[in-house]
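So this one's structure_2.cif, mmCIF, C-alpha atoms and all ligand atoms:
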data_target
#
loop_
_atom_site.group_PDB
_atom_site.id
_atom_site.type_symbol
_atom_site.label_atom_id
_atom_site.label_comp_id
_atom_site.auth_asym_id
_atom_site.auth_seq_id
_atom_site.Cartn_x
_atom_site.Cartn_y
_atom_site.Cartn_z
ATOM 1 C CA MET A 18 10.936 10.889 27.643
ATOM 2 C CA PRO A 19 13.155 13.751 26.434
ATOM 3 C CA GLU A 20 11.371 16.700 24.861
ATOM 4 C CA LEU A 21 10.751 16.555 21.133
ATOM 5 C CA PRO A 22 12.192 19.187 18.807
ATOM 6 C CA SER A 23 9.827 22.001 17.934
ATOM 7 C CA PHE A 24 8.123 21.652 14.595
ATOM 8 C CA GLU A 25 5.848 23.898 12.578
ATOM 9 C CA TRP A 26 2.812 21.668 12.280
ATOM 10 C CA PRO A 27 0.700 22.604 9.278
ATOM 11 C CA VAL A 28 -2.683 23.981 10.292
ATOM 12 C CA PHE A 29 -5.646 22.201 8.757
ATOM 13 C CA GLN A 30 -7.757 25.055 7.383
ATOM 14 C CA PRO A 31 -11.522 24.733 6.999
ATOM 15 C CA GLY A 32 -12.525 24.035 3.407
ATOM 16 C CA TRP A 33 -9.390 22.082 2.622
ATOM 17 C CA VAL A 34 -9.081 18.395 1.731
ATOM 18 C CA TRP A 35 -5.968 16.531 2.813
ATOM 19 C CA LEU A 36 -5.260 13.296 0.946
ATOM 20 C CA VAL A 37 -3.512 11.217 3.559
ATOM 21 C CA GLY A 38 -1.821 7.824 3.439
ATOM 22 C CA ALA A 39 -2.676 5.602 6.400
ATOM 23 C CA GLY A 40 0.123 3.117 5.731
ATOM 24 C CA PRO A 41 -0.527 -0.602 5.415
ATOM 25 C CA GLY A 42 -2.205 -1.208 8.772
ATOM 26 C CA ASP A 43 -0.080 -0.881 11.896
ATOM 27 C CA PRO A 44 -0.950 2.560 13.349
ATOM 28 C CA GLY A 45 2.718 2.967 14.257
ATOM 29 C CA LEU A 46 3.407 3.307 10.542
ATOM 30 C CA LEU A 47 1.399 6.526 10.254
ATOM 31 C CA THR A 48 3.546 9.553 9.509
ATOM 32 C CA LEU A 49 3.693 12.472 11.921
ATOM 33 C CA HIS A 50 1.880 14.572 9.318
ATOM 34 C CA ALA A 51 -0.886 11.959 9.164
ATOM 35 C CA LEU A 52 -1.232 12.040 12.922
ATOM 36 C CA ASN A 53 -1.321 15.837 12.910
ATOM 37 C CA ALA A 54 -4.055 15.671 10.256
ATOM 38 C CA LEU A 55 -6.115 13.120 12.200
ATOM 39 C CA ARG A 56 -6.027 15.337 15.280
ATOM 40 C CA GLN A 57 -7.419 18.361 13.442
ATOM 41 C CA ALA A 58 -9.891 16.871 10.984
ATOM 42 C CA ASP A 59 -13.640 17.498 11.209
ATOM 43 C CA VAL A 60 -14.442 14.530 9.017
ATOM 44 C CA VAL A 61 -12.488 11.447 7.930
ATOM 45 C CA VAL A 62 -13.542 9.797 4.670
ATOM 46 C CA TYR A 63 -11.899 6.373 4.693
ATOM 47 C CA ASP A 64 -11.565 3.276 2.536
ATOM 48 C CA ALA A 65 -12.060 -0.412 3.231
ATOM 49 C CA LEU A 66 -8.302 -0.935 3.515
ATOM 50 C CA VAL A 67 -7.888 1.489 6.411
ATOM 51 C CA GLU A 68 -7.550 -0.318 9.732
ATOM 52 C CA THR A 69 -10.262 0.871 12.136
ATOM 53 C CA ALA A 70 -7.616 1.167 14.870
ATOM 54 C CA ILE A 71 -6.243 4.109 12.901
ATOM 55 C CA LEU A 72 -9.565 5.984 13.012
ATOM 56 C CA ASP A 73 -9.298 5.969 16.789
ATOM 57 C CA TRP A 74 -6.461 8.469 16.365
ATOM 58 C CA ALA A 75 -9.109 10.968 15.227
ATOM 59 C CA PRO A 76 -11.524 10.717 18.161
ATOM 60 C CA GLY A 77 -13.204 14.056 17.427
ATOM 61 C CA ALA A 78 -13.913 13.517 13.734
ATOM 62 C CA GLU A 79 -17.018 12.336 11.967
ATOM 63 C CA ARG A 80 -16.354 9.109 10.056
ATOM 64 C CA ILE A 81 -17.602 8.489 6.544
ATOM 65 C CA TYR A 82 -17.000 5.096 5.000
ATOM 66 C CA ALA A 83 -16.290 5.093 1.265
ATOM 67 C CA GLY A 84 -15.437 1.484 0.525
ATOM 68 C CA LYS A 85 -17.092 -1.762 -0.412
ATOM 69 C CA ARG A 86 -19.115 -3.536 2.214
ATOM 70 C CA GLY A 87 -21.177 -6.710 2.397
ATOM 71 C CA GLY A 88 -21.482 -7.292 -1.324
ATOM 72 C CA LYS A 89 -23.139 -3.916 -1.888
ATOM 73 C CA PRO A 90 -21.840 -2.043 -4.903
ATOM 74 C CA SER A 91 -19.007 0.270 -3.978
ATOM 75 C CA PRO A 92 -19.613 3.996 -4.245
ATOM 76 C CA LYS A 93 -18.577 5.274 -7.634
ATOM 77 C CA GLN A 94 -15.227 7.025 -7.713
ATOM 78 C CA ARG A 95 -16.820 10.160 -9.091
ATOM 79 C CA ASP A 96 -19.400 10.208 -6.282
ATOM 80 C CA ILE A 97 -16.646 9.946 -3.658
ATOM 81 C CA SER A 98 -14.701 12.784 -5.240
ATOM 82 C CA LEU A 99 -17.784 14.998 -5.444
ATOM 83 C CA ARG A 100 -18.685 14.212 -1.839
ATOM 84 C CA LEU A 101 -15.239 15.482 -0.862
ATOM 85 C CA VAL A 102 -15.919 18.697 -2.802
ATOM 86 C CA GLU A 103 -19.271 19.073 -1.023
ATOM 87 C CA LEU A 104 -17.798 18.540 2.442
ATOM 88 C CA ALA A 105 -15.032 21.041 1.752
ATOM 89 C CA ARG A 106 -17.572 23.602 0.543
ATOM 90 C CA GLU A 107 -19.453 23.141 3.813
ATOM 91 C CA GLY A 108 -16.326 24.518 5.436
ATOM 92 C CA LYS A 109 -15.116 21.239 6.917
ATOM 93 C CA ARG A 110 -11.540 20.106 7.379
ATOM 94 C CA VAL A 111 -11.790 16.981 5.249
ATOM 95 C CA LEU A 112 -9.295 14.184 5.722
ATOM 96 C CA ARG A 113 -9.393 11.685 2.875
ATOM 97 C CA LEU A 114 -7.683 8.649 4.396
ATOM 98 C CA LYS A 115 -6.393 5.932 2.107
ATOM 99 C CA GLY A 116 -4.581 2.678 2.759
ATOM 100 C CA GLY A 117 -0.836 2.746 2.126
ATOM 101 C CA ASP A 118 0.154 5.724 0.004
ATOM 102 C CA PRO A 119 -2.635 7.771 -1.592
ATOM 103 C CA PHE A 120 -0.777 8.025 -4.896
ATOM 104 C CA VAL A 121 0.134 4.339 -5.243
ATOM 105 C CA PHE A 122 -2.694 2.400 -6.932
ATOM 106 C CA GLY A 123 -5.025 4.337 -4.665
ATOM 107 C CA ARG A 124 -6.843 6.746 -6.977
ATOM 108 C CA GLY A 125 -5.537 9.637 -4.927
ATOM 109 C CA GLY A 126 -4.461 11.307 -8.138
ATOM 110 C CA GLU A 127 -7.961 11.134 -9.562
ATOM 111 C CA GLU A 128 -9.553 12.513 -6.412
ATOM 112 C CA GLY A 129 -6.961 15.266 -6.271
ATOM 113 C CA GLN A 130 -7.705 16.203 -9.885
ATOM 114 C CA THR A 131 -11.438 16.520 -9.192
ATOM 115 C CA LEU A 132 -10.803 18.621 -6.095
ATOM 116 C CA VAL A 133 -8.414 20.926 -7.938
ATOM 117 C CA ALA A 134 -10.864 21.215 -10.852
ATOM 118 C CA HIS A 135 -13.513 22.396 -8.369
ATOM 119 C CA GLY A 136 -11.176 24.915 -6.789
ATOM 120 C CA VAL A 137 -10.793 22.994 -3.520
ATOM 121 C CA PRO A 138 -7.319 23.413 -1.988
ATOM 122 C CA ILE A 139 -5.505 20.177 -1.184
ATOM 123 C CA ARG A 140 -2.501 18.871 0.685
ATOM 124 C CA VAL A 141 -1.002 15.419 0.136
ATOM 125 C CA VAL A 142 0.485 13.351 2.955
ATOM 126 C CA PRO A 143 2.348 10.337 1.554
ATOM 127 C CA GLY A 144 2.156 7.020 3.359
ATOM 128 C CA ILE A 145 4.066 3.770 3.538
ATOM 129 C CA SER A 146 2.893 1.625 0.666
ATOM 130 C CA ALA A 147 1.996 -2.029 1.266
ATOM 131 C CA GLY A 148 4.372 -3.140 -1.481
ATOM 132 C CA ILE A 149 7.330 -1.773 0.486
ATOM 133 C CA GLY A 150 6.378 -1.621 4.172
ATOM 134 C CA GLY A 151 4.191 -4.715 4.041
ATOM 135 C CA LEU A 152 7.047 -6.743 2.619
ATOM 136 C CA ALA A 153 9.410 -5.328 5.242
ATOM 137 C CA TYR A 154 7.152 -6.663 7.996
ATOM 138 C CA ALA A 155 7.477 -10.076 6.348
ATOM 139 C CA GLY A 156 11.272 -9.763 6.425
ATOM 140 C CA ILE A 157 11.539 -9.170 2.679
ATOM 141 C CA PRO A 158 13.693 -6.239 1.513
ATOM 142 C CA VAL A 159 12.212 -4.882 -1.690
ATOM 143 C CA THR A 160 15.743 -4.296 -2.953
ATOM 144 C CA HIS A 161 19.016 -5.924 -1.951
ATOM 145 C CA ARG A 162 22.376 -5.411 -3.618
ATOM 146 C CA ASP A 163 22.864 -9.130 -4.198
ATOM 147 C CA VAL A 164 19.467 -9.512 -5.865
ATOM 148 C CA ASN A 165 18.106 -6.504 -7.744
ATOM 149 C CA GLN A 166 18.898 -3.090 -9.077
ATOM 150 C CA SER A 167 15.295 -2.374 -9.933
ATOM 151 C CA VAL A 168 11.810 -3.313 -8.844
ATOM 152 C CA THR A 169 8.537 -3.182 -10.708
ATOM 153 C CA PHE A 170 5.281 -2.384 -8.932
ATOM 154 C CA VAL A 171 2.347 -3.598 -10.927
ATOM 155 C CA THR A 172 -1.407 -3.854 -10.493
ATOM 156 C CA GLY A 173 -3.008 -7.251 -11.043
ATOM 157 C CA HIS A 174 -6.131 -5.841 -12.614
ATOM 158 C CA ASP A 175 -7.135 -2.897 -14.714
ATOM 159 C CA GLN A 176 -10.079 -0.503 -14.398
ATOM 160 C CA THR A 177 -12.530 -3.116 -15.624
ATOM 161 C CA GLY A 178 -11.333 -5.745 -13.134
ATOM 162 C CA GLN A 179 -9.682 -7.804 -15.871
ATOM 163 C CA ALA A 180 -6.058 -8.888 -15.817
ATOM 164 C CA PRO A 181 -4.202 -5.913 -17.217
ATOM 165 C CA SER A 182 -3.838 -7.111 -20.773
ATOM 166 C CA ALA A 183 -2.351 -3.806 -21.813
ATOM 167 C CA LEU A 184 0.720 -4.612 -19.723
ATOM 168 C CA ASP A 185 3.729 -5.933 -21.560
ATOM 169 C CA TRP A 186 4.483 -8.886 -19.265
ATOM 170 C CA ARG A 187 7.374 -9.935 -21.454
ATOM 171 C CA ALA A 188 9.022 -6.570 -20.910
ATOM 172 C CA ILE A 189 8.254 -6.628 -17.184
ATOM 173 C CA ALA A 190 9.661 -10.149 -16.867
ATOM 174 C CA ARG A 191 12.902 -9.031 -18.488
ATOM 175 C CA ALA A 192 13.187 -5.602 -16.892
ATOM 176 C CA SER A 193 13.076 -6.335 -13.182
ATOM 177 C CA GLU A 194 14.540 -9.058 -11.021
ATOM 178 C CA VAL A 195 11.815 -8.305 -8.479
ATOM 179 C CA ILE A 196 8.132 -7.846 -9.288
ATOM 180 C CA VAL A 197 5.673 -6.654 -6.644
ATOM 181 C CA ILE A 198 2.016 -7.125 -7.520
ATOM 182 C CA TYR A 199 -0.871 -5.254 -5.907
ATOM 183 C CA MET A 200 -4.404 -6.660 -6.284
ATOM 184 C CA GLY A 201 -2.899 -9.728 -7.919
ATOM 185 C CA LEU A 202 -4.748 -12.646 -6.319
ATOM 186 C CA LYS A 203 -7.661 -12.871 -8.729
ATOM 187 C CA HIS A 204 -5.518 -13.109 -11.822
ATOM 188 C CA ALA A 205 -2.478 -14.785 -10.227
ATOM 189 C CA ALA A 206 -2.702 -17.830 -12.502
ATOM 190 C CA GLN A 207 -2.751 -15.729 -15.654
ATOM 191 C CA ILE A 208 0.068 -13.495 -14.417
ATOM 192 C CA ALA A 209 2.233 -16.504 -13.456
ATOM 193 C CA GLY A 210 1.552 -17.991 -16.890
ATOM 194 C CA GLU A 211 2.602 -14.814 -18.657
ATOM 195 C CA LEU A 212 5.807 -14.519 -16.624
ATOM 196 C CA LEU A 213 6.718 -18.178 -17.216
ATOM 197 C CA ALA A 214 6.025 -17.782 -20.919
ATOM 198 C CA ALA A 215 8.344 -14.787 -20.868
ATOM 199 C CA GLY A 216 11.157 -16.902 -19.463
ATOM 200 C CA ARG A 217 11.007 -16.517 -15.673
ATOM 201 C CA VAL A 218 11.925 -19.805 -14.016
ATOM 202 C CA PRO A 219 9.244 -21.998 -12.402
ATOM 203 C CA SER A 220 11.313 -22.372 -9.219
ATOM 204 C CA GLU A 221 11.573 -18.622 -8.681
ATOM 205 C CA PRO A 222 10.682 -17.735 -5.076
ATOM 206 C CA VAL A 223 7.343 -16.060 -4.414
ATOM 207 C CA ALA A 224 5.774 -14.705 -1.236
ATOM 208 C CA ILE A 225 2.167 -13.755 -0.650
ATOM 209 C CA VAL A 226 1.804 -11.339 2.253
ATOM 210 C CA ARG A 227 -1.749 -10.967 3.438
ATOM 211 C CA ASP A 228 -3.048 -8.276 5.832
ATOM 212 C CA ALA A 229 0.513 -7.067 6.142
ATOM 213 C CA THR A 230 1.483 -5.227 9.343
ATOM 214 C CA THR A 231 -1.864 -5.979 11.015
ATOM 215 C CA PRO A 232 -2.336 -8.500 13.859
ATOM 216 C CA ARG A 233 -3.866 -10.819 11.236
ATOM 217 C CA MET A 234 -0.819 -10.789 8.958
ATOM 218 C CA SER A 235 0.116 -14.061 7.273
ATOM 219 C CA VAL A 236 2.880 -14.951 4.833
ATOM 220 C CA LEU A 237 2.857 -17.838 2.378
ATOM 221 C CA GLU A 238 5.982 -18.805 0.501
ATOM 222 C CA THR A 239 5.818 -20.659 -2.786
ATOM 223 C CA THR A 240 7.336 -20.587 -6.270
ATOM 224 C CA LEU A 241 6.213 -19.062 -9.539
ATOM 225 C CA ALA A 242 4.960 -22.484 -10.628
ATOM 226 C CA GLY A 243 3.097 -22.902 -7.341
ATOM 227 C CA LEU A 244 1.625 -19.386 -7.306
ATOM 228 C CA PRO A 245 -1.731 -20.133 -8.996
ATOM 229 C CA GLU A 246 -2.656 -22.841 -6.509
ATOM 230 C CA VAL A 247 -1.467 -21.005 -3.409
ATOM 231 C CA ALA A 248 -3.061 -17.686 -4.445
ATOM 232 C CA ALA A 249 -6.403 -19.428 -4.990
ATOM 233 C CA GLY A 250 -6.609 -20.074 -1.255
ATOM 234 C CA VAL A 251 -5.893 -16.507 -0.146
ATOM 235 C CA GLU A 252 -8.377 -13.683 0.466
ATOM 236 C CA PRO A 253 -7.414 -10.085 -0.317
ATOM 237 C CA PRO A 254 -5.763 -7.828 0.575
ATOM 238 C CA ALA A 255 -2.409 -9.353 -0.265
ATOM 239 C CA ILE A 256 0.844 -8.360 -1.888
ATOM 240 C CA ILE A 257 2.562 -10.850 -4.156
ATOM 241 C CA CYS A 258 6.346 -10.570 -4.386
ATOM 242 C CA ILE A 259 8.221 -12.480 -7.068
ATOM 243 C CA GLY A 260 12.014 -12.660 -6.907
ATOM 244 C CA ARG A 261 15.059 -13.999 -5.097
ATOM 245 C CA ASN A 262 14.714 -11.277 -2.465
ATOM 246 C CA VAL A 263 11.971 -13.482 -0.983
ATOM 247 C CA LEU A 264 14.728 -15.891 0.152
ATOM 248 C CA LEU A 265 16.090 -13.229 2.472
ATOM 249 C CA ARG A 266 13.074 -13.786 4.667
ATOM 250 C CA GLN A 267 14.825 -16.892 5.937
ATOM 251 C CA ALA A 268 17.334 -14.610 7.625
ATOM 252 C CA LEU A 269 15.298 -11.423 8.070
ATOM 253 C CA ASP A 270 11.924 -12.587 9.346
ATOM 254 C CA TRP A 271 12.470 -10.366 12.359
ATOM 255 C CA GLN A 272 9.080 -11.112 13.864
ATOM 256 C CA ALA A 273 10.193 -14.717 14.289
ATOM 257 C CA GLY A 274 13.340 -13.728 16.201
ATOM 258 C CA PRO A 275 17.031 -13.805 15.322
ATOM 259 C CA ARG A 276 18.370 -16.298 12.793
ATOM 260 C CA ALA A 277 21.854 -17.034 11.525
ATOM 261 C CA VAL A 278 21.542 -18.139 7.948
ATOM 262 C CA ASP A 279 22.795 -16.931 4.603
ATOM 263 C CA PRO A 280 19.882 -17.643 2.290
ATOM 264 C CA LEU A 281 21.406 -16.262 -0.906
ATOM 265 C CA GLY A 282 24.542 -18.320 -0.417
ATOM 266 C CA THR A 283 26.649 -15.194 -0.693
ATOM 267 C CA ARG A 284 29.170 -13.673 1.628
ATOM 268 C CA VAL A 285 27.705 -11.421 4.253
ATOM 269 C CA ARG A 286 28.367 -7.871 3.174
ATOM 270 C CA PRO A 287 30.348 -5.832 5.630
ATOM 271 C CA GLN A 288 28.269 -2.853 6.677
ATOM 272 C CA SER A 289 30.786 -0.335 5.460
ATOM 273 C CA ALA A 290 31.062 -1.784 1.934
HETATM 274 N N1 LIG A 301 -2.521 2.727 -1.834
HETATM 275 C C1 LIG A 301 -2.265 1.375 -1.367
HETATM 276 C C2 LIG A 301 -2.646 0.330 -2.391
HETATM 277 C C3 LIG A 301 -4.115 0.288 -2.724
HETATM 278 S S1 LIG A 301 -4.510 -0.941 -3.897
HETATM 279 C C4 LIG A 301 -0.799 1.261 -0.947
HETATM 280 O O1 LIG A 301 -0.002 2.135 -1.255
HETATM 281 O O2 LIG A 301 -0.452 0.269 -0.285
HETATM 282 C C5 LIG A 301 -5.081 -2.226 -2.858
HETATM 283 C C6 LIG A 301 -4.096 -3.351 -2.800
HETATM 284 O O3 LIG A 301 -2.987 -2.984 -1.992
HETATM 285 C C7 LIG A 301 -4.613 -4.625 -2.176
HETATM 286 O O4 LIG A 301 -5.372 -5.383 -3.084
HETATM 287 C C8 LIG A 301 -3.313 -5.303 -1.825
HETATM 288 O O5 LIG A 301 -2.698 -5.846 -2.963
HETATM 289 C C9 LIG A 301 -2.476 -4.127 -1.363
HETATM 290 N N2 LIG A 301 -2.551 -3.922 0.095
HETATM 291 C C10 LIG A 301 -2.945 -2.827 0.738
HETATM 292 N N3 LIG A 301 -2.836 -2.985 2.072
HETATM 293 C C11 LIG A 301 -2.348 -4.229 2.270
HETATM 294 C C12 LIG A 301 -1.991 -4.974 3.437
HETATM 295 N N4 LIG A 301 -2.121 -4.492 4.669
HETATM 296 N N5 LIG A 301 -1.509 -6.217 3.249
HETATM 297 C C13 LIG A 301 -1.344 -6.729 2.012
HETATM 298 N N6 LIG A 301 -1.673 -6.073 0.889
HETATM 299 C C14 LIG A 301 -2.158 -4.827 1.015
#
Can I see the file as structure tokens?
Amino acid sequence: MPELPSFEWPVFQPGWVWLVGAGPGDPGLLTLHALNALRQADVVVYDALVETAILDWAPGAERIYAGKRGGKPSPKQRDISLRLVELAREGKRVLRLKGGDPFVFGRGGEEGQTLVAHGVPIRVVPGISAGIGGLAYAGIPVTHRDVNQSVTFVTGHDQTGQAPSALDWRAIARASEVIVIYMGLKHAAQIAGELLAAGRVPSEPVAIVRDATTPRMSVLETTLAGLPEVAAGVEPPAIICIGRNVLLRQALDWQAGPRAVDPLGTRVRPQSA
């Protein structure tokens, strides 16, 4: 292999906490900064959504699990944040590893705030979020010029675990041709109902991408009307994508090999256009 360009890798200083995105699963989707962090960390505090294969990229680090397991109550967010403060004060290089991007529905902001409030220096390493990269592995472009000029990322439940009633579904239904829902399985029926009531069509294409980018990945295609029933049979984690961009999977499901179809029924855009 040809030599790589030189690069000033940031040095992980003792007493710092780096909030790092692990991407959606496939270790190949880690950023170079994430890899650099994993190689220097003394301790990795990781969530349930982080693939264990990724921890193997930090062979020298102590591992601390901070997610839900076996029906036991999950550690409280405040306890996790304070544990990070403690570890940093012990002089460790603390890598807080989160699935996807730490600042996308990942509470990275909250943890960062606590660290900053306690005077702990932080660095943030963004990651590929499941709602973008996970869909790409399913052959679904989150935007496409023939489909959407905007996309809405939304969480399927609020802090109390309820469907986010504070959300204005009517506005969301009207605002974006494509809606990408994180944590949406539990309340899929209610969400589908709200979107239909707001005027989205029952035949609108929907994909549910589960365990995206991992060897266990599966993709179910349905419609908005069919979403409640299909979602009921799926275990988290999954991304729900609602919109005509889902049809592009018929041409772009690259893991299934080359295809020659035009799912939107539009001309194929010349690359230079
Ligand atoms: N910070 C993460 C999101 C955390 S919220 C990110 O940027 O991707 C947790 C939700 O993310 C899950 O309930 C699911 O909706 C989604 N998610 C995370 N990883 C996923 C994966 N590999 N496949 C499908 N959905 C995933």
Self-check item: Which of A:Gly274, A:Gly243, A:Gly210, A:Gly123 sits closest to ligand LIG 301 (chain A) [using all atoms listed in the file]
Solution: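 Looking at the shortest contact to ligand LIG 301 (chain A), the residue is A:Gly123.
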Once you count all atoms listed in the file, what closest atom pair and distance in Å to one decimal does each residue of chain A within 7 Å of ligand LIG 301 (chain A) have, with rows by chain and rising residue number, as a tab-separated table?
residue	atom	partner	partner_atom	distance
A:Gly40	CA	A:LIG301	O2	6.7
A:Pro41	CA	A:LIG301	N4	4.3
A:Gly42	CA	A:LIG301	N4	5.3
A:Leu66	CA	A:LIG301	N3	6.0
A:Lys115	CA	A:LIG301	N1	6.4
A:Gly116	CA	A:LIG301	C1	4.9
A:Gly117	CA	A:LIG301	C4	3.4
A:Asp118	CA	A:LIG301	O1	3.8
A:Pro119	CA	A:LIG301	N1	5.1
A:Phe120	CA	A:LIG301	N1	6.4
A:Val121	CA	A:LIG301	O1	4.6
A:Phe122	CA	A:LIG301	S1	4.9
A:Gly123	CA	A:LIG301	N1	4.1
A:Ile145	CA	A:LIG301	O1	6.5
A:Ser146	CA	A:LIG301	O1	3.5
A:Ala147	CA	A:LIG301	O2	3.7
A:Gly148	CA	A:LIG301	O2	6.0
A:Gly151	CA	A:LIG301	N5	5.9
A:Ile198	CA	A:LIG301	O5	6.7
A:Tyr199	CA	A:LIG301	O5	3.5
A:Met200	CA	A:LIG301	O4	3.6
A:Gly201	CA	A:LIG301	O5	6.3
A:Val226	CA	A:LIG301	C13	5.6
A:Arg227	CA	A:LIG301	C13	4.5
A:Asp228	CA	A:LIG301	N5	3.6
A:Ala229	CA	A:LIG301	N5	3.6
A:Thr230	CA	A:LIG301	N4	5.9
A:Thr231	CA	A:LIG301	N4	6.5
A:Pro253	CA	A:LIG301	O4	5.8
A:Pro254	CA	A:LIG301	C8	4.3
A:Ala255	CA	A:LIG301	N6	3.6
A:Ile256	CA	A:LIG301	N6	4.4
Quiz item: From the list A:Leu114, A:Ala134, A:Thr239, A:Gly150, which residue is nearest Val67 of chain A when using only C-alpha atoms?
Solution: A:Leu114
Quiz item: How would you write, as a list in words, the residues chosen by the PyMOL selection byres (((chain A and resi 28) around 10) and not hetatm) on this structure?
Solution: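 Those residues are Glu25, Trp26, Pro27, Phe29, Gln30, Pro31, Asn53, Ala54 and Gln57 of chain A.
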Quiz item: What separation in Å, quoted to one decimal, exists between atom CA of Ala190 of chain A and atom CA of Gly250 of chain A?
Solution: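 For atom CA of Ala190 of chain A relative to atom CA of Gly250 of chain A, the distance reads 24.6 Å.
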Quiz item: Interatomic distance between atom CA of Gly178 of chain A and atom CA of Lys93 of chain A?
Solution: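 These two atoms are separated by 14.3 Å.
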Might you pull out every residue within 10 Å of Glu221 of chain A, with only C-alpha atoms counted and same-chain residues fewer than 2 positions away left off, and present them as an mmCIF file with C-alpha atoms, keeping the file's coordinate frame?
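Wrote result_12.cif, looks like this:
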data_model
loop_
_atom_site.group_PDB
_atom_site.id
_atom_site.type_symbol
_atom_site.label_atom_id
_atom_site.label_comp_id
_atom_site.auth_asym_id
_atom_site.auth_seq_id
_atom_site.Cartn_x
_atom_site.Cartn_y
_atom_site.Cartn_z
ATOM 1 C CA LEU A 213 6.718 -18.178 -17.216
ATOM 2 C CA ARG A 217 11.007 -16.517 -15.673
ATOM 3 C CA VAL A 218 11.925 -19.805 -14.016
ATOM 4 C CA PRO A 219 9.244 -21.998 -12.402
ATOM 5 C CA VAL A 223 7.343 -16.060 -4.414
ATOM 6 C CA THR A 239 5.818 -20.659 -2.786
ATOM 7 C CA THR A 240 7.336 -20.587 -6.270
ATOM 8 C CA LEU A 241 6.213 -19.062 -9.539
ATOM 9 C CA ALA A 242 4.960 -22.484 -10.628
ATOM 10 C CA GLY A 243 3.097 -22.902 -7.341
ATOM 11 C CA ILE A 259 8.221 -12.480 -7.068
ATOM 12 C CA GLY A 260 12.014 -12.660 -6.907
ATOM 13 C CA ARG A 261 15.059 -13.999 -5.097
ATOM 14 C CA VAL A 263 11.971 -13.482 -0.983
ATOM 15 C CA LEU A 264 14.728 -15.891 0.152
#
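Selecting by distance to (-11.3, 0.3, 0.5) with a limit of 7 Å and using only C-alpha atoms, one obtains Asp64, Ala65, Leu66, Val67, Ala83, Gly84 and Lys85 of chain A.
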Quiz prompt | Given the PyMOL selection byres (((chain A and resi 211) around 12) and not hetatm), the residues it picks as a ChimeraX atom specification | solution = /A:180-182,184-191,204-210,212-219,241-242,245
Print the selection's residues with C-alpha atoms to a file, as a short mmCIF file (atom, residue, chain, number, x, y, z; two decimals), keeping the file's coordinate frame.
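The resulting file, out.cif, is shown below:
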data_model
loop_
_atom_site.label_atom_id
_atom_site.label_comp_id
_atom_site.auth_asym_id
_atom_site.auth_seq_id
_atom_site.Cartn_x
_atom_site.Cartn_y
_atom_site.Cartn_z
CA ALA A 180 -6.06 -8.89 -15.82
CA PRO A 181 -4.20 -5.91 -17.22
CA SER A 182 -3.84 -7.11 -20.77
CA LEU A 184 0.72 -4.61 -19.72
CA ASP A 185 3.73 -5.93 -21.56
CA TRP A 186 4.48 -8.89 -19.26
CA ARG A 187 7.37 -9.94 -21.45
CA ALA A 188 9.02 -6.57 -20.91
CA ILE A 189 8.25 -6.63 -17.18
CA ALA A 190 9.66 -10.15 -16.87
CA ARG A 191 12.90 -9.03 -18.49
CA HIS A 204 -5.52 -13.11 -11.82
CA ALA A 205 -2.48 -14.78 -10.23
CA ALA A 206 -2.70 -17.83 -12.50
CA GLN A 207 -2.75 -15.73 -15.65
CA ILE A 208 0.07 -13.50 -14.42
CA ALA A 209 2.23 -16.50 -13.46
CA GLY A 210 1.55 -17.99 -16.89
CA LEU A 212 5.81 -14.52 -16.62
CA LEU A 213 6.72 -18.18 -17.22
CA ALA A 214 6.02 -17.78 -20.92
CA ALA A 215 8.34 -14.79 -20.87
CA GLY A 216 11.16 -16.90 -19.46
CA ARG A 217 11.01 -16.52 -15.67
CA VAL A 218 11.92 -19.80 -14.02
CA PRO A 219 9.24 -22.00 -12.40
CA LEU A 241 6.21 -19.06 -9.54
CA ALA A 242 4.96 -22.48 -10.63
CA PRO A 245 -1.73 -20.13 -9.00
#
Quiz prompt | Answer key for the PyMOL selection byres (((chain A and resi 267-273) around 9) and not hetatm), residues as a PyMOL selection string | solution = chain A and resi 153-158+263-266+274-280
Self-check item: Pick from A:Gly77, A:Ala70, A:Ser98, A:Arg113 nearest to Ala51 of chain A, counting all atoms listed in the file
Solution: A:Arg113
Exercise. Figure out the distance between atom CA of Val197 of chain A and atom CA of Ile149 of chain A, please, to one decimal in Å.
Key: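 About the pair atom CA of Ile149 of chain A and atom CA of Val197 of chain A: they are 8.8 Å apart.
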Quiz item: If I put a ball of radius 12 Å at (-13.5, 11.8, 10.3) in the file's coordinates, which residues poke into it when counting only C-alpha atoms, written as an MDAnalysis selection string?
Solution: chainID A and resid 34:35 54:64 69 71:83 101 104 109:114
